[in-house]
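Below is protein.tsv, which holds TSV, N, CA and C atoms.
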chain	number	residue	atom	x	y	z
A	883	MET	N	89.97	111.73	159.08
A	883	MET	CA	88.92	112.67	159.47
A	883	MET	C	89.13	113.19	160.90
A	884	ALA	N	89.60	112.32	161.78
A	884	ALA	CA	89.79	112.73	163.17
A	884	ALA	C	90.82	113.84	163.29
A	885	SER	N	91.81	113.85	162.41
A	885	SER	CA	92.86	114.87	162.48
A	885	SER	C	92.34	116.25	162.09
A	886	LEU	N	91.25	116.32	161.35
A	886	LEU	CA	90.71	117.62	160.97
A	886	LEU	C	90.22	118.41	162.17
A	887	TRP	N	89.94	117.72	163.27
A	887	TRP	CA	89.57	118.43	164.50
A	887	TRP	C	90.70	119.35	164.93
A	888	TYR	N	91.94	118.94	164.71
A	888	TYR	CA	93.07	119.78	165.10
A	888	TYR	C	93.18	121.01	164.21
A	889	LEU	N	92.79	120.89	162.97
A	889	LEU	CA	92.72	122.06	162.09
A	889	LEU	C	91.70	123.06	162.65
A	890	LEU	N	90.54	122.56	163.06
A	890	LEU	CA	89.51	123.43	163.65
A	890	LEU	C	89.99	124.06	164.95
A	891	ILE	N	90.67	123.30	165.77
A	891	ILE	CA	91.20	123.84	167.03
A	891	ILE	C	92.17	124.98	166.74
A	892	GLY	N	93.06	124.77	165.78
A	892	GLY	CA	94.01	125.83	165.39
A	892	GLY	C	93.30	127.06	164.85
A	893	MET	N	92.24	126.85	164.09
A	893	MET	CA	91.49	127.98	163.55
A	893	MET	C	90.78	128.76	164.65
A	894	LEU	N	90.25	128.06	165.64
A	894	LEU	CA	89.61	128.75	166.76
A	894	LEU	C	90.62	129.58	167.54
A	895	LEU	N	91.81	129.02	167.76
A	895	LEU	CA	92.85	129.77	168.46
A	895	LEU	C	93.28	131.00	167.66
A	896	GLY	N	93.44	130.82	166.36
A	896	GLY	CA	93.81	131.94	165.50
A	896	GLY	C	92.73	133.00	165.41
A	897	ASN	N	91.47	132.59	165.44
A	897	ASN	CA	90.35	133.53	165.38
A	897	ASN	C	90.20	134.29	166.70
A	898	GLY	N	90.47	133.63	167.79
A	898	GLY	CA	90.33	134.28	169.09
A	898	GLY	C	91.36	135.36	169.34
A	899	MET	N	92.54	135.18	168.78
A	899	MET	CA	93.64	136.09	169.06
A	899	MET	C	93.36	137.54	168.66
A	900	PRO	N	93.01	137.86	167.41
A	900	PRO	CA	92.81	139.28	167.08
A	900	PRO	C	91.61	139.89	167.80
A	901	HIS	N	90.55	139.12	167.97
A	901	HIS	CA	89.38	139.66	168.68
A	901	HIS	C	89.76	140.02	170.12
A	902	PHE	N	90.44	139.10	170.78
A	902	PHE	CA	90.83	139.34	172.17
A	902	PHE	C	91.80	140.51	172.28
A	903	LEU	N	92.81	140.55	171.41
A	903	LEU	CA	93.81	141.61	171.49
A	903	LEU	C	93.24	142.98	171.18
A	904	PHE	N	92.40	143.08	170.15
A	904	PHE	CA	91.77	144.37	169.84
A	904	PHE	C	90.85	144.80	170.99
A	905	GLY	N	90.11	143.84	171.55
A	905	GLY	CA	89.21	144.17	172.64
A	905	GLY	C	89.95	144.65	173.87
A	906	VAL	N	91.02	143.95	174.25
A	906	VAL	CA	91.80	144.35	175.42
A	906	VAL	C	92.47	145.70	175.19
A	907	ALA	N	92.86	145.99	173.96
A	907	ALA	CA	93.48	147.27	173.64
A	907	ALA	C	92.47	148.41	173.57
A	908	GLY	N	91.17	148.08	173.67
A	908	GLY	CA	90.15	149.11	173.65
A	908	GLY	C	89.81	149.59	172.25
A	909	LYS	N	90.14	148.82	171.25
A	909	LYS	CA	89.89	149.21	169.86
A	909	LYS	C	88.60	148.57	169.34
A	910	VAL	N	87.92	149.28	168.47
A	910	VAL	CA	86.75	148.74	167.80
A	910	VAL	C	87.24	147.78	166.73
A	911	PHE	N	86.61	146.64	166.64
A	911	PHE	CA	86.99	145.61	165.66
A	911	PHE	C	85.72	144.93	165.21
A	912	ARG	N	85.79	144.21	164.12
A	912	ARG	CA	84.56	143.57	163.64
A	912	ARG	C	84.16	142.41	164.56
A	913	SER	N	82.88	142.22	164.63
A	913	SER	CA	82.32	141.17	165.49
A	913	SER	C	82.33	139.85	164.74
A	914	PRO	N	81.85	138.81	165.39
A	914	PRO	CA	81.76	137.52	164.71
A	914	PRO	C	80.86	137.56	163.48
A	915	PHE	N	80.01	138.54	163.37
A	915	PHE	CA	79.07	138.61	162.26
A	915	PHE	C	79.44	139.70	161.25
A	916	GLY	N	80.68	140.18	161.29
A	916	GLY	CA	81.18	141.11	160.30
A	916	GLY	C	80.90	142.57	160.56
A	917	GLN	N	80.23	142.91	161.65
A	917	GLN	CA	79.95	144.31	161.96
A	917	GLN	C	80.99	144.81	162.96
A	918	ARG	N	81.17	146.10	162.98
A	918	ARG	CA	82.11	146.68	163.95
A	918	ARG	C	81.52	146.58	165.35
A	919	SER	N	82.33	146.12	166.28
A	919	SER	CA	81.85	145.89	167.64
A	919	SER	C	82.73	146.59	168.65
A	920	LYS	N	82.14	146.89	169.78
A	920	LYS	CA	82.86	147.52	170.88
A	920	LYS	C	83.81	146.51	171.51
A	921	PRO	N	84.83	147.01	172.21
A	921	PRO	CA	85.84	146.14	172.80
A	921	PRO	C	85.30	145.01	173.69
A	922	PRO	N	84.30	145.23	174.56
A	922	PRO	CA	83.84	144.11	175.40
A	922	PRO	C	83.29	142.93	174.59
A	923	VAL	N	82.65	143.23	173.46
A	923	VAL	CA	82.12	142.15	172.61
A	923	VAL	C	83.27	141.34	172.05
A	924	ASN	N	84.34	142.00	171.63
A	924	ASN	CA	85.47	141.28	171.07
A	924	ASN	C	86.26	140.52	172.12
A	925	VAL	N	86.37	141.05	173.31
A	925	VAL	CA	87.02	140.29	174.39
A	925	VAL	C	86.22	139.01	174.66
A	926	ALA	N	84.90	139.14	174.71
A	926	ALA	CA	84.05	137.98	174.95
A	926	ALA	C	84.17	136.97	173.81
A	927	TRP	N	84.18	137.44	172.57
A	927	TRP	CA	84.27	136.53	171.42
A	927	TRP	C	85.63	135.84	171.39
A	928	GLY	N	86.69	136.57	171.66
A	928	GLY	CA	88.02	135.97	171.71
A	928	GLY	C	88.12	134.92	172.80
A	929	THR	N	87.58	135.24	173.97
A	929	THR	CA	87.59	134.29	175.09
A	929	THR	C	86.77	133.05	174.74
A	930	PHE	N	85.62	133.24	174.11
A	930	PHE	CA	84.80	132.11	173.69
A	930	PHE	C	85.59	131.19	172.75
A	931	ASN	N	86.32	131.77	171.81
A	931	ASN	CA	87.12	130.96	170.89
A	931	ASN	C	88.20	130.17	171.63
A	932	PHE	N	88.86	130.79	172.60
A	932	PHE	CA	89.89	130.10	173.36
A	932	PHE	C	89.29	128.95	174.18
A	933	VAL	N	88.15	129.20	174.80
A	933	VAL	CA	87.49	128.16	175.60
A	933	VAL	C	87.01	127.02	174.70
A	934	ALA	N	86.44	127.35	173.55
A	934	ALA	CA	85.97	126.32	172.62
A	934	ALA	C	87.14	125.48	172.11
A	935	ALA	N	88.26	126.12	171.78
A	935	ALA	CA	89.44	125.38	171.31
A	935	ALA	C	89.97	124.45	172.41
A	936	THR	N	90.01	124.94	173.63
A	936	THR	CA	90.48	124.12	174.75
A	936	THR	C	89.54	122.94	174.99
A	937	ALA	N	88.24	123.19	174.97
A	937	ALA	CA	87.27	122.11	175.18
A	937	ALA	C	87.37	121.06	174.07
A	938	LEU	N	87.50	121.49	172.83
A	938	LEU	CA	87.66	120.54	171.72
A	938	LEU	C	88.94	119.73	171.86
A	939	ALA	N	90.02	120.39	172.26
A	939	ALA	CA	91.29	119.67	172.42
A	939	ALA	C	91.17	118.60	173.50
A	940	PHE	N	90.59	118.93	174.63
A	940	PHE	CA	90.43	117.93	175.69
A	940	PHE	C	89.50	116.80	175.26
A	941	TRP	N	88.45	117.16	174.53
A	941	TRP	CA	87.53	116.13	174.03
A	941	TRP	C	88.26	115.17	173.08
A	942	ARG	N	89.06	115.73	172.15
A	942	ARG	CA	89.79	114.88	171.21
A	942	ARG	C	90.81	114.01	171.93
A	943	TRP	N	91.53	114.60	172.88
A	943	TRP	CA	92.55	113.84	173.59
A	943	TRP	C	91.93	112.72	174.41
A	944	ALA	N	90.73	112.91	174.93
A	944	ALA	CA	90.06	111.86	175.70
A	944	ALA	C	89.63	110.71	174.79
A	945	ARG	N	89.29	111.02	173.56
A	945	ARG	CA	88.86	109.98	172.62
A	945	ARG	C	90.03	109.28	171.95
A	946	GLN	N	91.06	110.05	171.61
A	946	GLN	CA	92.22	109.49	170.92
A	946	GLN	C	93.42	110.40	171.18
A	947	PRO	N	94.50	109.87	171.71
A	947	PRO	CA	95.68	110.71	171.93
A	947	PRO	C	96.17	111.30	170.61
A	948	PRO	N	96.70	112.51	170.66
A	948	PRO	CA	97.17	113.13	169.41
A	948	PRO	C	98.35	112.37	168.81
A	949	ARG	N	98.39	112.36	167.49
A	949	ARG	CA	99.50	111.74	166.77
A	949	ARG	C	100.45	112.84	166.31
A	950	ALA	N	101.61	112.46	165.88
A	950	ALA	CA	102.60	113.43	165.41
A	950	ALA	C	102.08	114.21	164.21
A	951	SER	N	101.23	113.60	163.42
A	951	SER	CA	100.70	114.27	162.22
A	951	SER	C	99.60	115.28	162.56
A	952	ASP	N	99.12	115.31	163.81
A	952	ASP	CA	98.06	116.24	164.19
A	952	ASP	C	98.60	117.65	164.45
A	953	LEU	N	99.81	117.76	164.95
A	953	LEU	CA	100.38	119.07	165.27
A	953	LEU	C	100.50	119.98	164.04
A	954	PRO	N	101.00	119.49	162.90
A	954	PRO	CA	101.05	120.39	161.73
A	954	PRO	C	99.68	120.90	161.31
A	955	LEU	N	98.63	120.12	161.48
A	955	LEU	CA	97.29	120.59	161.15
A	955	LEU	C	96.83	121.69	162.10
A	956	LEU	N	97.15	121.54	163.37
A	956	LEU	CA	96.80	122.57	164.35
A	956	LEU	C	97.51	123.89	164.00
A	957	VAL	N	98.80	123.79	163.71
A	957	VAL	CA	99.59	124.98	163.36
A	957	VAL	C	99.09	125.58	162.05
A	958	LEU	N	98.76	124.73	161.06
A	958	LEU	CA	98.24	125.21	159.79
A	958	LEU	C	96.92	125.97	159.98
A	959	GLY	N	96.02	125.42	160.76
A	959	GLY	CA	94.75	126.09	161.03
A	959	GLY	C	94.97	127.44	161.69
A	960	PHE	N	95.88	127.49	162.66
A	960	PHE	CA	96.19	128.74	163.34
A	960	PHE	C	96.72	129.79	162.36
A	961	TRP	N	97.73	129.42	161.58
A	961	TRP	CA	98.37	130.40	160.70
A	961	TRP	C	97.50	130.79	159.51
A	962	LEU	N	96.67	129.90	159.01
A	962	LEU	CA	95.74	130.29	157.95
A	962	LEU	C	94.76	131.35	158.44
A	963	THR	N	94.28	131.18	159.66
A	963	THR	CA	93.35	132.14	160.22
A	963	THR	C	94.04	133.47	160.51
A	964	VAL	N	95.24	133.42	161.05
A	964	VAL	CA	96.00	134.66	161.32
A	964	VAL	C	96.30	135.37	160.00
A	965	LEU	N	96.67	134.63	158.97
A	965	LEU	CA	96.94	135.23	157.67
A	965	LEU	C	95.68	135.88	157.09
A	966	MET	N	94.55	135.19	157.21
A	966	MET	CA	93.29	135.75	156.73
A	966	MET	C	92.98	137.07	157.43
A	967	PHE	N	93.13	137.10	158.75
A	967	PHE	CA	92.88	138.33	159.49
A	967	PHE	C	93.86	139.42	159.10
A	968	GLY	N	95.11	139.06	158.92
A	968	GLY	CA	96.12	140.05	158.55
A	968	GLY	C	95.82	140.69	157.21
A	969	LEU	N	95.42	139.89	156.25
A	969	LEU	CA	95.12	140.44	154.93
A	969	LEU	C	93.86	141.29	154.94
A	970	THR	N	92.83	140.86	155.64
A	970	THR	CA	91.61	141.65	155.69
A	970	THR	C	91.78	142.88	156.57
A	971	LEU	N	92.60	142.79	157.58
A	971	LEU	CA	92.85	143.93	158.45
A	971	LEU	C	93.49	145.06	157.64
A	972	LYS	N	94.44	144.71	156.83
A	972	LYS	CA	95.13	145.72	156.03
A	972	LYS	C	94.17	146.40	155.06
A	973	THR	N	93.31	145.63	154.42
A	973	THR	CA	92.44	146.21	153.40
A	973	THR	C	91.21	146.88	153.97
A	974	ARG	N	90.70	146.42	155.10
A	974	ARG	CA	89.44	146.95	155.62
A	974	ARG	C	89.62	148.05	156.65
A	975	PHE	N	90.51	147.84	157.60
A	975	PHE	CA	90.54	148.74	158.75
A	975	PHE	C	91.61	149.81	158.65
A	976	LEU	N	92.68	149.56	157.96
A	976	LEU	CA	93.70	150.58	157.86
A	976	LEU	C	93.38	151.61	156.79
A	977	SER	N	92.48	151.27	155.88
A	977	SER	CA	92.13	152.22	154.84
A	977	SER	C	90.98	153.15	155.25
A	978	GLU	N	90.35	152.87	156.38
A	978	GLU	CA	89.21	153.70	156.83
A	978	GLU	C	89.68	154.90	157.61

Would you write the structure of this file as structure tokens?
Amino acid sequence: MASLWYLLIGMLLGNGMPHFLFGVAGKVFRSPFGQRSKPPVNVAWGTFNFVAATALAFWRWARQPPRASDLPLLVLGFWLTVLMFGLTLKTRFLSE
């Protein structure tokens, strides 16, 4: 169960990336609640995800040092989230 925290950390990092990048690029992107949001909202949401992932990582490391089996879960969480965004980006935003 403790290793699932690394899956969540990876998902937060993966979720923060497109929001932050679209926001910094000045593009409208969907908000955390599925509506289209202005760039400052997405920069803030992406930054929040990065800060939350960092805080969770430090919290986990203080309670239990990471094991070798935790890294694949972190990477899996990251890439699953990036894949989800990539697939929805293609169908939702490029067709509009």

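The coordinates place atom C of A:Gly908 at 7.4 Å from atom CA of A:Lys920.
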
May I have the residues within 7 Å of stretch 885-892 of chain A as a PyMOL selection string, using only C-alpha atoms and disregarding those fewer than 5 positions away in the same chain?
chain A and resi 935+938-939+952+955-960

Can you check which residues of stretch 883-977 of chain A DSSP gives as strand (DSSP E or B) on the backbone and send them as a list in words?
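Everything in stretch 883-977 of chain A that counts as strand (DSSP E or B) is Phe911, Arg912, Arg918 and Ser919 of chain A.
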
Could you find all residues in chain A that DSSP calls alpha helix (DSSP H) from the backbone, and write them as a PyMOL selection string?
chain A and resi 886-906+921-945+952-974

Could you check how far atom CA of A:Leu895 sits from atom C of A:Asn931, in Å to one decimal?
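Between these atoms lies a distance of 5.6 Å.
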